[in-house]
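To keep things clear, I will list the structure first and then write my remarks on it.
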Amino acid sequence: MKKIFVDKTAVFLSKILRPYAKKRLHQEMNNINYYNDGNINFKRRDAFLLLTNHSFDIDSLAIGLVFKKLPIAIASRSLLVNKANKFRMKFLARVIPKAQGVRDLRAMKRALRSVRKGRALMIMPEGEVTYFGNTLPIDKSIASFVKKLNVDVVTAVAYGGHISKPRWASYPRENQYVEIHYDTLIHKEKINELSLDEIYNLITDKLDVKAFEWQREKMIKVGGQNRAEGLAEFLYKCPECGTYHSIETRGNDIICIECNTKGYLDEYGFIQGFRFDNTVDWNEFQKQYIQELKKCNFKTTGIYVDIDYDIFTSKEVGQVVLEYGDDQLIISGSKNLRMEIKDIEYFRLTQGNVITFDYQGNHYYIKIDSLHESFLQVCS
Ligand SMILES: [Zn+2]
């Protein structure tokens, strides 16, 4: 009984809050352009599966709001310990919380039940927002889930989201341009005729967005102040001199403090003055050196947060220093812990600067100040 009440309240809330949601959306992404390529009926009331790429933080809202009956979404539960997110996602976007980095069977069962009851379901099969620009690898299990659901598979593919709102960026762009293209990828009558591999390939081909290739053709001017800020946390190796953790940013400028190479991030999101003009190529380069990175020692500061996923609450405990070296992760300060990397599970970077992981059966959640990508690479 309680469950039904909550469900109805949420539907009601999502109705009256829709104008508010649209306004908020516009504040965060000011130039959204919708394309109904597949002649989708946005007023449809039957169940369907909506699959989308995950290129900027509030894309689920931008994509879901065009439907008169909001699809429910599966989202990482670590997002729901933040109060504003919790409200927006649990009531407005109708979210089923899922453990990040693991296949959460309970969440999938809940999703399946909702679809059986006639609700539309939105899934972002990459599981997280891309940091460098391209669509991330998609788990093969999505194909069997499509078979199980046996409803129309609709896609919404966003282009330009990463250029206009890069996940690493500390400051917003001026022109937050994004194109969202809707289409029907698989009609439910066709699902039985397709193999799992065929379904999987259809999905990955459709959701595959190469941010900088798209931008090279479109050349959308996004502008903004302090465009390079935030980038240094993700570029851990200088492509000019090979030094680790020597890249710094000042406003729009990108500098290697070791070899003094100076460049900048232009108004189109391209890097000027370095060997690579975009973060995808830069990351392809630095990824080859992960074994070397693992031999480095580095540290950052952060805030240790106690979380409870049963009731979705969080409490800041205090300052910590986070240190990596010799295959160990050491936390000291308001919490003290020395962990072997091999014992750490499900290490993830989430939101802007949060790392989450499991260790000896406990969940950990720390907001870190720098070196995000380096910690991610050595710990996962
Ligand atoms: Zn350098």
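Ordering of the structure tokens sets the chain letters (A, B, ...); residue numbers start at 1 within each chain; ligands are numbered from 1 in the order shown.
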Could you pull out the residues sitting within 7 Å of ligand 1, using only C-alpha atoms and all ligand atoms, and write them as a short mmCIF file (atom, residue, chain, number, x, y, z; two decimals) with N, CA and C atoms, in the first residue's frame?
data_model
loop_
_atom_site.label_atom_id
_atom_site.label_comp_id
_atom_site.auth_asym_id
_atom_site.auth_seq_id
_atom_site.Cartn_x
_atom_site.Cartn_y
_atom_site.Cartn_z
N CYS A 238 52.56 14.14 -19.89
CA CYS A 238 52.81 15.13 -20.94
C CYS A 238 53.26 14.42 -22.22
N PRO A 239 52.59 14.68 -23.35
CA PRO A 239 52.96 13.99 -24.59
C PRO A 239 54.24 14.55 -25.21
N GLU A 240 54.70 15.69 -24.73
CA GLU A 240 55.90 16.30 -25.30
C GLU A 240 57.16 15.77 -24.61
N CYS A 241 57.15 15.71 -23.28
CA CYS A 241 58.37 15.29 -22.56
C CYS A 241 58.18 13.99 -21.79
N GLY A 242 56.94 13.49 -21.68
CA GLY A 242 56.71 12.20 -21.04
C GLY A 242 56.60 12.24 -19.52
N THR A 243 56.70 13.42 -18.93
CA THR A 243 56.64 13.53 -17.46
C THR A 243 55.21 13.26 -16.95
N SER A 246 52.69 16.66 -14.64
CA SER A 246 53.36 17.95 -14.85
C SER A 246 52.47 18.94 -15.59
N CYS A 256 52.88 22.57 -19.46
CA CYS A 256 53.67 21.52 -18.82
C CYS A 256 54.78 22.21 -18.03
N ILE A 257 54.78 22.04 -16.71
CA ILE A 257 55.76 22.76 -15.89
C ILE A 257 57.13 22.10 -15.97
N GLU A 258 57.23 20.95 -16.65
CA GLU A 258 58.53 20.29 -16.80
C GLU A 258 59.25 20.76 -18.07
N CYS A 259 58.55 20.71 -19.21
CA CYS A 259 59.21 21.08 -20.47
C CYS A 259 58.77 22.45 -20.98
N ASN A 260 57.90 23.11 -20.20
CA ASN A 260 57.48 24.47 -20.55
C ASN A 260 56.66 24.60 -21.83
N THR A 261 56.10 23.48 -22.30
CA THR A 261 55.19 23.59 -23.45
C THR A 261 53.94 24.35 -22.99
#
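Omitting Gln225 of chain A and its sequence neighbours fewer than 2 positions away, and counting only C-alpha atoms, the residues within 8 Å are Tyr171, Pro172, Arg173, Glu174, Gly223, Arg227, Gly251 and Asn252 of chain A.
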Exercise for the section: Check the DSSP output for the backbone and give back, as a PyMOL selection string, the residues of segment 287-361 of chain A in alpha helix (DSSP H). Expected result: chain A and resi 287+290-293
Interface rows for segment 190-264 of chain A against segment 292-315 of chain A: nearest pair, Å to one decimal, 9 Å, only C-alpha atoms, as CSV:
residue,atom,partner,partner_atom,distance
A:Tyr236,CA,A:Leu293,CA,8.5
A:Lys237,CA,A:Leu293,CA,8.7
A:Tyr244,CA,A:Leu293,CA,7.5
A:His245,CA,A:Phe298,CA,8.7
Prev. selection, N, CA and C atoms, output as a compact mmCIF listing (two decimals), in the first residue's frame:
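And here's again06.txt as it stands now:
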# COMPACT_ATOMS: atom_id res chain seq x y z
N TYR A 236 47.46 12.89 -17.23
CA TYR A 236 48.52 12.59 -16.26
C TYR A 236 49.90 12.44 -16.87
N LYS A 237 49.99 12.49 -18.20
CA LYS A 237 51.32 12.37 -18.81
C LYS A 237 51.47 13.39 -19.93
N TYR A 244 55.14 12.62 -15.77
CA TYR A 244 53.84 12.38 -15.14
C TYR A 244 53.47 13.55 -14.23
N HIS A 245 52.20 13.89 -14.22
CA HIS A 245 51.65 14.92 -13.32
C HIS A 245 52.37 16.26 -13.43
Practice task
Mind checking which residues fall within 9 Å of segment 44-54 of chain A, counting only C-alpha atoms, ignoring those fewer than 3 positions away in the same chain, and posting them as a VMD selection string?
Solution key: chain A and resid 40 to 41 57 59 to 60 63 to 64 67 to 69 71 114 to 130 135 to 136 146 149 to 158 161 188 203 207 to 209
Restricting the output to C-alpha atoms, write the selected residues as a PDB file, in the first residue's frame.
ATOM      1  CA  ILE A  40       8.509   8.942 -32.471  1.00  0.00           C
ATOM      2  CA  ASN A  41       5.202   9.648 -30.784  1.00  0.00           C
ATOM      3  CA  ASP A  57      25.631  15.105 -16.449  1.00  0.00           C
ATOM      4  CA  ASP A  59      21.338  14.327 -20.152  1.00  0.00           C
ATOM      5  CA  SER A  60      18.799  11.903 -18.666  1.00  0.00           C
ATOM      6  CA  ILE A  63      16.276  13.335 -22.984  1.00  0.00           C
ATOM      7  CA  GLY A  64      13.402  12.125 -20.814  1.00  0.00           C
ATOM      8  CA  PHE A  67       8.070  12.342 -23.337  1.00  0.00           C
ATOM      9  CA  LYS A  68       4.667  13.192 -21.949  1.00  0.00           C
ATOM     10  CA  LYS A  69       4.880  10.187 -19.651  1.00  0.00           C
ATOM     11  CA  PRO A  71      10.365   7.143 -18.542  1.00  0.00           C
ATOM     12  CA  SER A 114       8.030  -1.540 -14.114  1.00  0.00           C
ATOM     13  CA  VAL A 115       8.098  -2.323 -17.815  1.00  0.00           C
ATOM     14  CA  ARG A 116       5.668  -5.203 -17.324  1.00  0.00           C
ATOM     15  CA  LYS A 117       3.346  -2.674 -15.674  1.00  0.00           C
ATOM     16  CA  GLY A 118       3.492  -0.511 -18.778  1.00  0.00           C
ATOM     17  CA  ARG A 119       6.134   2.045 -17.863  1.00  0.00           C
ATOM     18  CA  ALA A 120       8.826   3.222 -20.243  1.00  0.00           C
ATOM     19  CA  LEU A 121      12.357   2.584 -19.038  1.00  0.00           C
ATOM     20  CA  MET A 122      15.469   4.622 -19.779  1.00  0.00           C
ATOM     21  CA  ILE A 123      18.909   3.038 -19.607  1.00  0.00           C
ATOM     22  CA  MET A 124      22.287   4.591 -20.302  1.00  0.00           C
ATOM     23  CA  PRO A 125      24.195   1.383 -20.935  1.00  0.00           C
ATOM     24  CA  GLU A 126      27.643   2.974 -20.658  1.00  0.00           C
ATOM     25  CA  GLY A 127      26.926   3.331 -16.939  1.00  0.00           C
ATOM     26  CA  GLU A 128      28.722   6.652 -16.591  1.00  0.00           C
ATOM     27  CA  VAL A 129      29.452   9.906 -18.363  1.00  0.00           C
ATOM     28  CA  THR A 130      32.432   9.873 -20.681  1.00  0.00           C
ATOM     29  CA  THR A 135      31.013   6.702 -26.050  1.00  0.00           C
ATOM     30  CA  LEU A 136      32.345   4.223 -23.475  1.00  0.00           C
ATOM     31  CA  VAL A 146      16.353  -6.275 -24.541  1.00  0.00           C
ATOM     32  CA  LEU A 149      11.865  -6.897 -21.961  1.00  0.00           C
ATOM     33  CA  ASN A 150      10.511  -7.537 -25.457  1.00  0.00           C
ATOM     34  CA  VAL A 151       9.340  -3.955 -26.079  1.00  0.00           C
ATOM     35  CA  ASP A 152      10.272  -1.371 -28.737  1.00  0.00           C
ATOM     36  CA  VAL A 153      13.841  -0.149 -28.412  1.00  0.00           C
ATOM     37  CA  VAL A 154      13.935   3.616 -28.897  1.00  0.00           C
ATOM     38  CA  THR A 155      17.235   5.504 -28.966  1.00  0.00           C
ATOM     39  CA  ALA A 156      18.153   9.076 -28.110  1.00  0.00           C
ATOM     40  CA  VAL A 157      21.651   9.960 -29.223  1.00  0.00           C
ATOM     41  CA  ALA A 158      23.170  13.222 -28.028  1.00  0.00           C
ATOM     42  CA  GLY A 161      27.160  17.163 -25.123  1.00  0.00           C
ATOM     43  CA  LYS A 188       9.392  -5.286 -30.694  1.00  0.00           C
ATOM     44  CA  ILE A 203      22.911  -0.762 -30.039  1.00  0.00           C
ATOM     45  CA  LEU A 207      25.100   4.961 -29.536  1.00  0.00           C
ATOM     46  CA  ASP A 208      28.663   5.344 -30.778  1.00  0.00           C
ATOM     47  CA  VAL A 209      29.485   9.052 -30.701  1.00  0.00           C
TER      48      VAL A 209
END
Handout entry: Shell around Val321 of chain A at 12 Å using only C-alpha atoms, local window under 2 positions removed, as a list of chain:residue names
Key = A:Phe298, A:Lys299, A:Thr300, A:Thr301, A:Gly302, A:Ile303, A:Tyr304, A:Gly318, A:Gln319, A:Glu323, A:Tyr324, A:Leu329, A:Ile330, A:Ile331, A:Ser332, A:Gly333, A:Ser334, A:Lys335, A:Asn336, A:Leu337, A:Arg338, A:Ile366, A:Lys367, A:Ile368, A:Asp369, A:Ser370
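Using only C-alpha atoms, the smallest distance between any of A:Pro19, A:Gly352, A:Gly38, A:Pro166 and Tyr182 of chain A comes from A:Gly38.
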Practice task
Might you pull out every residue within 6 Å of segment 266-276 of chain A, with only C-alpha atoms counted and same-chain residues fewer than 3 positions away left off, and present them as number ranges by chain?
Solution key: A: 163, 221-223, 263, 282
